[in-house]
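input-v3.cif follows (mmCIF, C-alpha atoms):
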data_start
#
loop_
_atom_site.group_PDB
_atom_site.id
_atom_site.type_symbol
_atom_site.label_atom_id
_atom_site.label_comp_id
_atom_site.auth_asym_id
_atom_site.auth_seq_id
_atom_site.Cartn_x
_atom_site.Cartn_y
_atom_site.Cartn_z
ATOM 1 C CA MET V 1 -1.805 -35.958 17.867
ATOM 2 C CA ALA V 2 -1.662 -32.627 16.016
ATOM 3 C CA LYS V 3 -4.283 -31.811 13.431
ATOM 4 C CA ASP V 4 -3.287 -31.374 9.819
ATOM 5 C CA ARG V 5 -3.736 -27.654 9.334
ATOM 6 C CA SER V 6 -2.494 -27.480 5.779
ATOM 7 C CA GLU V 7 -4.063 -24.783 3.651
ATOM 8 C CA PRO V 8 -6.311 -25.875 0.811
ATOM 9 C CA GLU V 9 -4.644 -25.442 -2.574
ATOM 10 C CA LEU V 10 -5.302 -22.053 -4.126
ATOM 11 C CA ASP V 11 -7.664 -22.203 -7.086
ATOM 12 C CA ARG V 12 -5.666 -20.000 -9.457
ATOM 13 C CA ASP V 13 -7.817 -20.404 -12.562
ATOM 14 C CA LEU V 14 -11.246 -19.774 -10.979
ATOM 15 C CA ALA V 15 -12.900 -21.513 -13.928
ATOM 16 C CA ASP V 16 -16.293 -21.539 -12.172
ATOM 17 C CA LEU V 17 -16.487 -17.715 -12.207
ATOM 18 C CA PRO V 18 -17.628 -15.583 -15.154
ATOM 19 C CA PRO V 19 -14.685 -13.765 -16.836
ATOM 20 C CA GLU V 20 -15.479 -10.332 -15.308
ATOM 21 C CA LEU V 21 -15.669 -11.709 -11.744
ATOM 22 C CA ARG V 22 -12.555 -13.846 -12.330
ATOM 23 C CA TRP V 23 -10.573 -10.761 -13.417
ATOM 24 C CA ARG V 24 -11.851 -8.794 -10.403
ATOM 25 C CA GLU V 25 -10.858 -11.621 -8.026
ATOM 26 C CA TRP V 26 -7.368 -11.795 -9.539
ATOM 27 C CA MET V 27 -7.020 -8.021 -9.061
ATOM 28 C CA ARG V 28 -8.060 -8.364 -5.404
ATOM 29 C CA ARG V 29 -5.549 -11.162 -4.861
ATOM 30 C CA ILE V 30 -2.762 -9.004 -6.257
ATOM 31 C CA GLU V 31 -3.968 -6.137 -4.073
ATOM 32 C CA ALA V 32 -3.893 -8.385 -0.983
ATOM 33 C CA VAL V 33 -0.377 -9.624 -1.718
ATOM 34 C CA LEU V 34 0.919 -6.073 -2.292
ATOM 35 C CA PHE V 35 -0.852 -4.791 0.823
ATOM 36 C CA ALA V 36 0.754 -7.504 2.962
ATOM 37 C CA SER V 37 4.269 -6.877 1.641
ATOM 38 C CA ALA V 38 6.639 -4.214 2.946
ATOM 39 C CA SER V 39 8.888 -4.557 -0.096
ATOM 40 C CA PRO V 40 8.309 -4.630 -3.857
ATOM 41 C CA VAL V 41 6.691 -7.858 -5.053
ATOM 42 C CA PRO V 42 8.147 -9.272 -8.281
ATOM 43 C CA ARG V 43 5.997 -10.378 -11.208
ATOM 44 C CA GLU V 44 6.832 -14.053 -10.602
ATOM 45 C CA ASP V 45 5.340 -13.914 -7.095
ATOM 46 C CA LEU V 46 2.166 -12.185 -8.293
ATOM 47 C CA ALA V 47 1.780 -14.763 -11.072
ATOM 48 C CA ARG V 48 1.392 -17.448 -8.378
ATOM 49 C CA VAL V 49 -2.031 -16.090 -7.349
ATOM 50 C CA VAL V 50 -3.644 -15.707 -10.780
ATOM 51 C CA GLY V 51 -4.662 -18.106 -13.507
ATOM 52 C CA GLN V 52 -2.332 -19.432 -16.131
ATOM 53 C CA GLY V 53 -2.192 -17.059 -19.069
ATOM 54 C CA ALA V 54 -3.487 -14.080 -17.058
ATOM 55 C CA SER V 55 -1.433 -10.948 -17.671
ATOM 56 C CA VAL V 56 -0.007 -9.736 -14.371
ATOM 57 C CA GLU V 57 0.919 -6.425 -16.032
ATOM 58 C CA LEU V 58 -2.676 -5.805 -17.212
ATOM 59 C CA LEU V 59 -4.073 -6.792 -13.819
ATOM 60 C CA VAL V 60 -1.665 -4.358 -12.122
ATOM 61 C CA GLU V 61 -2.644 -1.595 -14.578
ATOM 62 C CA ASP V 62 -6.349 -2.177 -13.870
ATOM 63 C CA LEU V 63 -5.686 -2.207 -10.132
ATOM 64 C CA ALA V 64 -3.799 1.105 -10.410
ATOM 65 C CA VAL V 65 -6.769 2.637 -12.261
ATOM 66 C CA ASP V 66 -9.119 1.188 -9.648
ATOM 67 C CA LEU V 67 -7.083 2.919 -6.909
ATOM 68 C CA ALA V 68 -7.085 6.360 -8.559
ATOM 69 C CA GLY V 69 -8.038 9.067 -6.103
ATOM 70 C CA ARG V 70 -6.967 7.054 -3.063
ATOM 71 C CA ALA V 71 -4.386 8.234 -0.532
ATOM 72 C CA PHE V 72 -1.958 5.596 -1.774
ATOM 73 C CA GLU V 73 -0.791 4.511 -5.190
ATOM 74 C CA LEU V 74 0.623 1.448 -6.869
ATOM 75 C CA VAL V 75 4.193 2.024 -8.067
ATOM 76 C CA ARG V 76 6.794 -0.030 -9.869
ATOM 77 C CA VAL V 77 10.041 -0.311 -7.908
ATOM 78 C CA ALA V 78 13.030 -2.346 -9.045
ATOM 79 C CA ASP V 79 11.620 -5.591 -10.450
ATOM 80 C CA GLY V 80 8.273 -5.450 -8.685
ATOM 81 C CA TRP V 81 5.347 -3.376 -7.460
ATOM 82 C CA MET V 82 4.395 -1.941 -4.096
ATOM 83 C CA PHE V 83 1.911 0.434 -2.487
ATOM 84 C CA ARG V 84 3.164 3.864 -1.497
ATOM 85 C CA THR V 85 1.365 6.721 0.220
ATOM 86 C CA ARG V 86 0.979 9.686 -2.097
ATOM 87 C CA PRO V 87 3.426 12.489 -1.193
ATOM 88 C CA ALA V 88 0.564 14.936 -0.587
ATOM 89 C CA TYR V 89 -0.353 12.943 2.547
ATOM 90 C CA ALA V 90 3.104 12.918 4.140
ATOM 91 C CA PRO V 91 2.299 15.887 6.443
ATOM 92 C CA ALA V 92 -0.856 14.145 7.685
ATOM 93 C CA ILE V 93 1.071 10.962 8.432
ATOM 94 C CA ARG V 94 3.792 12.866 10.292
ATOM 95 C CA ALA V 95 1.152 14.761 12.304
ATOM 96 C CA ALA V 96 -0.758 11.636 13.330
ATOM 97 C CA ALA V 97 1.840 8.917 13.674
ATOM 98 C CA ASP V 98 5.045 8.357 15.558
ATOM 99 C CA LEU V 99 7.245 7.325 12.640
ATOM 100 C CA GLY V 100 10.140 6.448 14.886
ATOM 101 C CA HIS V 101 13.106 5.072 12.976
ATOM 102 C CA GLN V 102 11.639 5.584 9.500
ATOM 103 C CA ASP V 103 13.460 8.890 9.140
ATOM 104 C CA LEU V 104 16.764 8.163 7.410
ATOM 105 C CA ASN V 105 18.556 11.029 9.165
ATOM 106 C CA LEU V 106 21.305 11.231 6.558
ATOM 107 C CA SER V 107 23.727 14.125 6.409
ATOM 108 C CA GLU V 108 24.404 15.963 3.175
ATOM 109 C CA PHE V 109 27.727 14.123 2.896
ATOM 110 C CA ASP V 110 26.047 10.741 3.520
ATOM 111 C CA ILE V 111 23.711 11.486 0.607
ATOM 112 C CA ALA V 112 26.636 12.561 -1.578
ATOM 113 C CA VAL V 113 28.421 9.267 -0.872
ATOM 114 C CA LEU V 114 25.207 7.353 -1.533
ATOM 115 C CA ALA V 115 24.860 9.180 -4.863
ATOM 116 C CA ALA V 116 28.471 8.328 -5.741
ATOM 117 C CA VAL V 117 27.756 4.654 -5.051
ATOM 118 C CA ALA V 118 24.616 4.835 -7.205
ATOM 119 C CA TYR V 119 26.415 6.425 -10.149
ATOM 120 C CA HIS V 120 29.705 4.479 -9.956
ATOM 121 C CA GLN V 121 28.718 1.036 -8.673
ATOM 122 C CA PRO V 122 30.250 -1.331 -7.993
ATOM 123 C CA ILE V 123 32.766 0.890 -6.212
ATOM 124 C CA THR V 124 35.269 0.336 -3.430
ATOM 125 C CA ARG V 125 35.745 2.544 -0.389
ATOM 126 C CA ASP V 126 39.064 3.680 -1.932
ATOM 127 C CA GLY V 127 37.208 4.557 -5.143
ATOM 128 C CA LEU V 128 34.805 6.697 -3.127
ATOM 129 C CA GLY V 129 37.805 8.328 -1.428
ATOM 130 C CA GLU V 130 39.234 9.249 -4.833
ATOM 131 C CA ILE V 131 35.946 10.918 -5.810
ATOM 132 C CA PHE V 132 35.769 12.988 -2.621
ATOM 133 C CA GLY V 133 39.491 13.559 -2.099
ATOM 134 C CA LYS V 134 39.402 12.103 1.395
ATOM 135 C CA GLU V 135 39.004 8.768 3.122
ATOM 136 C CA ILE V 136 35.434 7.526 3.483
ATOM 137 C CA SER V 137 34.944 6.118 6.962
ATOM 138 C CA ARG V 138 33.810 2.610 7.670
ATOM 139 C CA ASP V 139 31.187 4.141 9.982
ATOM 140 C CA LEU V 140 29.582 6.041 7.095
ATOM 141 C CA ILE V 141 29.549 2.896 4.944
ATOM 142 C CA GLY V 142 28.097 1.031 7.926
ATOM 143 C CA ARG V 143 25.297 3.604 8.363
ATOM 144 C CA LEU V 144 24.287 3.354 4.705
ATOM 145 C CA HIS V 145 24.511 -0.436 4.849
ATOM 146 C CA GLY V 146 22.575 -0.563 8.132
ATOM 147 C CA ARG V 147 19.712 1.387 6.589
ATOM 148 C CA GLY V 148 19.637 -1.076 3.699
ATOM 149 C CA LEU V 149 20.567 1.583 1.130
ATOM 150 C CA ILE V 150 23.783 -0.108 -0.011
ATOM 151 C CA GLY V 151 24.945 -3.691 -0.076
ATOM 152 C CA THR V 152 28.150 -5.542 -0.723
ATOM 153 C CA GLY V 153 28.954 -6.022 -4.394
ATOM 154 C CA PRO V 154 31.501 -8.285 -6.040
ATOM 155 C CA ARG V 155 35.075 -8.223 -4.793
ATOM 156 C CA SER V 156 37.288 -5.865 -6.740
ATOM 157 C CA PRO V 157 39.852 -7.585 -8.976
ATOM 158 C CA ARG V 158 42.541 -5.320 -7.481
ATOM 159 C CA ARG V 159 45.228 -6.509 -5.111
ATOM 160 C CA GLY V 160 43.711 -7.523 -1.796
ATOM 161 C CA ALA V 161 40.287 -7.987 -3.450
ATOM 162 C CA PRO V 162 38.537 -5.197 -1.517
ATOM 163 C CA TYR V 163 34.776 -5.215 -1.180
ATOM 164 C CA THR V 164 32.731 -3.116 -3.546
ATOM 165 C CA PHE V 165 29.429 -1.456 -2.734
ATOM 166 C CA VAL V 166 26.206 -1.256 -4.721
ATOM 167 C CA THR V 167 22.790 0.247 -4.125
ATOM 168 C CA THR V 168 19.900 -1.987 -3.081
ATOM 169 C CA GLU V 169 16.221 -2.454 -3.821
ATOM 170 C CA GLN V 170 15.597 -0.490 -0.595
ATOM 171 C CA PHE V 171 17.549 2.430 -2.119
ATOM 172 C CA LEU V 172 15.221 2.370 -5.140
ATOM 173 C CA ALA V 173 12.135 2.204 -2.899
ATOM 174 C CA VAL V 174 13.252 5.036 -0.592
ATOM 175 C CA PHE V 175 14.026 7.363 -3.489
ATOM 176 C CA GLY V 176 10.999 6.337 -5.575
ATOM 177 C CA LEU V 177 12.965 4.879 -8.481
ATOM 178 C CA GLU V 178 11.881 2.020 -10.699
ATOM 179 C CA SER V 179 15.483 1.349 -11.689
ATOM 180 C CA LEU V 180 18.887 3.047 -11.721
ATOM 181 C CA ARG V 181 18.017 4.353 -15.197
ATOM 182 C CA ASP V 182 15.678 6.772 -13.388
ATOM 183 C CA LEU V 183 18.600 8.544 -11.695
ATOM 184 C CA PRO V 184 18.986 12.089 -13.017
ATOM 185 C CA ASP V 185 21.769 12.487 -15.568
ATOM 186 C CA ARG V 186 24.756 14.729 -14.846
ATOM 187 C CA GLU V 187 23.306 17.639 -16.851
ATOM 188 C CA GLN V 188 20.118 17.578 -14.752
ATOM 189 C CA LEU V 189 22.208 17.613 -11.577
ATOM 190 C CA GLU V 190 24.245 20.574 -12.849
ATOM 191 C CA ASP V 191 21.052 22.445 -13.784
ATOM 192 C CA ALA V 192 19.737 21.856 -10.252
ATOM 193 C CA GLY V 193 23.018 23.153 -8.783
ATOM 194 C CA VAL V 194 23.791 19.799 -7.161
ATOM 195 C CA ALA V 195 26.881 18.963 -9.226
ATOM 196 C CA GLY V 196 29.526 21.312 -10.525
ATOM 197 C CA SER V 197 30.049 21.468 -14.277
ATOM 198 C CA SER V 198 33.194 19.892 -15.665
#

Written form, structure tokens:
Amino acid sequence: MAKDRSEPELDRDLADLPPELRWREWMRRIEAVLFASASPVPREDLARVVGQGASVELLVEDLAVDLAGRAFELVRVADGWMFRTRPAYAPAIRAAADLGHQDLNLSEFDIAVLAAVAYHQPITRDGLGEIFGKEISRDLIGRLHGRGLIGTGPRSPRRGAPYTFVTTEQFLAVFGLESLRDLPDREQLEDAGVAGSS
């Protein structure tokens, strides 16, 4: 007969602890959850490990302050938070670790198509072709999809109901964006020489 190995219920409120220690424990719980996750953790998930009425946002802010000066930082991505190594340490990581498949290896055109999806989503493959003046291959769409940078959006209301494409949470994480509102506007792109002026 197998033993019952169920976990004891998590004491979220920690009423037996003084307020300062309770707050510190809630911060550490949030830190543990973020550390264990490879993707952004939404507020609702973090709220499951702290007491009722505790402000997840304030706990996250205090944790970010607590981590100041460390090699990693706490960042908001999409609808959640995650840990990210500070850019200054990227050369050290590349020198010490075999990063394998973490390099996206995207061509300049792949990035241009990805940008078009980001700015015009949801967009069909034909819509992308109109932007670039040539057909966009299924292979290119497959590469971007395979890397988790784009996903399938709603079907287009046009004849044949073609698939549309949208960016993903992974896209936001890879490019360090909290939301699509953080994409540079057209004027910024023109100033950087990335987009031609109209």

In file coordinates, which residues lie within 12 Å of (23.4, 12.6, -2.3) using only C-alpha atoms, given as a JSON list (two decimals) with C-alpha atoms, in the coordinates of the input?
[["chain", "number", "residue", "atom", "x", "y", "z"],
["V", 106, "LEU", "CA", 21.30, 11.23, 6.56],
["V", 107, "SER", "CA", 23.73, 14.12, 6.41],
["V", 108, "GLU", "CA", 24.40, 15.96, 3.18],
["V", 109, "PHE", "CA", 27.73, 14.12, 2.90],
["V", 110, "ASP", "CA", 26.05, 10.74, 3.52],
["V", 111, "ILE", "CA", 23.71, 11.49, 0.61],
["V", 112, "ALA", "CA", 26.64, 12.56, -1.58],
["V", 113, "VAL", "CA", 28.42, 9.27, -0.87],
["V", 114, "LEU", "CA", 25.21, 7.35, -1.53],
["V", 115, "ALA", "CA", 24.86, 9.18, -4.86],
["V", 116, "ALA", "CA", 28.47, 8.33, -5.74],
["V", 117, "VAL", "CA", 27.76, 4.65, -5.05],
["V", 118, "ALA", "CA", 24.62, 4.84, -7.20],
["V", 119, "TYR", "CA", 26.42, 6.42, -10.15],
["V", 144, "LEU", "CA", 24.29, 3.35, 4.70],
["V", 149, "LEU", "CA", 20.57, 1.58, 1.13],
["V", 171, "PHE", "CA", 17.55, 2.43, -2.12],
["V", 175, "PHE", "CA", 14.03, 7.36, -3.49],
["V", 183, "LEU", "CA", 18.60, 8.54, -11.70],
["V", 184, "PRO", "CA", 18.99, 12.09, -13.02],
["V", 189, "LEU", "CA", 22.21, 17.61, -11.58],
["V", 194, "VAL", "CA", 23.79, 19.80, -7.16],
["V", 195, "ALA", "CA", 26.88, 18.96, -9.23]]

- Task: Run through the PyMOL selection byres ((chain V and resi 22-30) around 8) on the given coordinates and return the selected residues as number ranges by chain.
- Result: V: 14-15, 17-21, 31-34, 46, 49-51, 59-60, 62-63

- Name the closest residue to Leu172 in chain V among the candidates V:Gly129, V:Gly142, V:Gly148, V:Gly53; distances are taken between atoms, counting all atoms listed in the file.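 Selected residue with least distance to Leu172 in chain V: V:Gly148.
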
- What is the CA of Pro162 in chain V to CA of Gly127 in chain V distance in Å? 10.5 Å

- Message: As an exercise, work out the distance from CA of Ala96 in chain V to CA of Pro40 in chain V in Å and give it to one decimal place.
- Response: 25.3 Å

- Item | Matched chain/residue IDs from the PyMOL selection byres ((chain V and resi 177) around 12), as an MDAnalysis selection string | chainID V and resid 40 75:82 118 167:176 178:184

C-alpha atoms of the current selection, written as a PDB file, in the coordinates of the input:
ATOM      1  CA  PRO V  40       8.309  -4.630  -3.857  1.00  0.00           C
ATOM      2  CA  VAL V  75       4.193   2.024  -8.067  1.00  0.00           C
ATOM      3  CA  ARG V  76       6.794  -0.030  -9.869  1.00  0.00           C
ATOM      4  CA  VAL V  77      10.041  -0.311  -7.908  1.00  0.00           C
ATOM      5  CA  ALA V  78      13.030  -2.346  -9.045  1.00  0.00           C
ATOM      6  CA  ASP V  79      11.620  -5.591 -10.450  1.00  0.00           C
ATOM      7  CA  GLY V  80       8.273  -5.450  -8.685  1.00  0.00           C
ATOM      8  CA  TRP V  81       5.347  -3.376  -7.460  1.00  0.00           C
ATOM      9  CA  MET V  82       4.395  -1.941  -4.096  1.00  0.00           C
ATOM     10  CA  ALA V 118      24.616   4.835  -7.205  1.00  0.00           C
ATOM     11  CA  THR V 167      22.790   0.247  -4.125  1.00  0.00           C
ATOM     12  CA  THR V 168      19.900  -1.987  -3.081  1.00  0.00           C
ATOM     13  CA  GLU V 169      16.221  -2.454  -3.821  1.00  0.00           C
ATOM     14  CA  GLN V 170      15.597  -0.490  -0.595  1.00  0.00           C
ATOM     15  CA  PHE V 171      17.549   2.430  -2.119  1.00  0.00           C
ATOM     16  CA  LEU V 172      15.221   2.370  -5.140  1.00  0.00           C
ATOM     17  CA  ALA V 173      12.135   2.204  -2.899  1.00  0.00           C
ATOM     18  CA  VAL V 174      13.252   5.036  -0.592  1.00  0.00           C
ATOM     19  CA  PHE V 175      14.026   7.363  -3.489  1.00  0.00           C
ATOM     20  CA  GLY V 176      10.999   6.337  -5.575  1.00  0.00           C
ATOM     21  CA  GLU V 178      11.881   2.020 -10.699  1.00  0.00           C
ATOM     22  CA  SER V 179      15.483   1.349 -11.689  1.00  0.00           C
ATOM     23  CA  LEU V 180      18.887   3.047 -11.721  1.00  0.00           C
ATOM     24  CA  ARG V 181      18.017   4.353 -15.197  1.00  0.00           C
ATOM     25  CA  ASP V 182      15.678   6.772 -13.388  1.00  0.00           C
ATOM     26  CA  LEU V 183      18.600   8.544 -11.695  1.00  0.00           C
ATOM     27  CA  PRO V 184      18.986  12.089 -13.017  1.00  0.00           C
TER      28      PRO V 184
END

- So, counting only C-alpha atoms, which residue among V:His145, V:Arg158, V:Arg138, V:Arg12 is closest to Arg48 in chain V?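 For Arg48 in chain V, the nearest of the given residues is V:Arg12.
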
Give me the box for range 85-93 of chain V as AutoDock Vina command-line options, namely the centre and edge lengths in Å to one decimal of a box along x, y and z that holds every listed atom plus 5 Å on each side.
--center_x 1.3 --center_y 11.3 --center_z 3.2 --size_x 14.3 --size_y 19.2 --size_z 20.5

- Expected residue set, 8 Å radius at (35.0, -2.6, -4.2), only C-alpha atoms, as a PyMOL selection string: chain V and resi 122-127+153-156+161-165

- Query: What gap, in Å, lies between CA of Arg147 in chain V and CA of Leu104 in chain V?
  - Reply: 7.4 Å

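Using all atoms listed in the file, the nearest neighbour of Ala90 in chain V within the list V:Ala71, V:Glu187, V:Glu57, V:Ile136 is V:Ala71.
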
- Note on the structure: The residue from V:Ile93, V:Arg86, V:Ile141, V:Phe35 with the smallest atom-to-atom distance to Ala68 in chain V, counting all atoms listed in the file, is V:Arg86
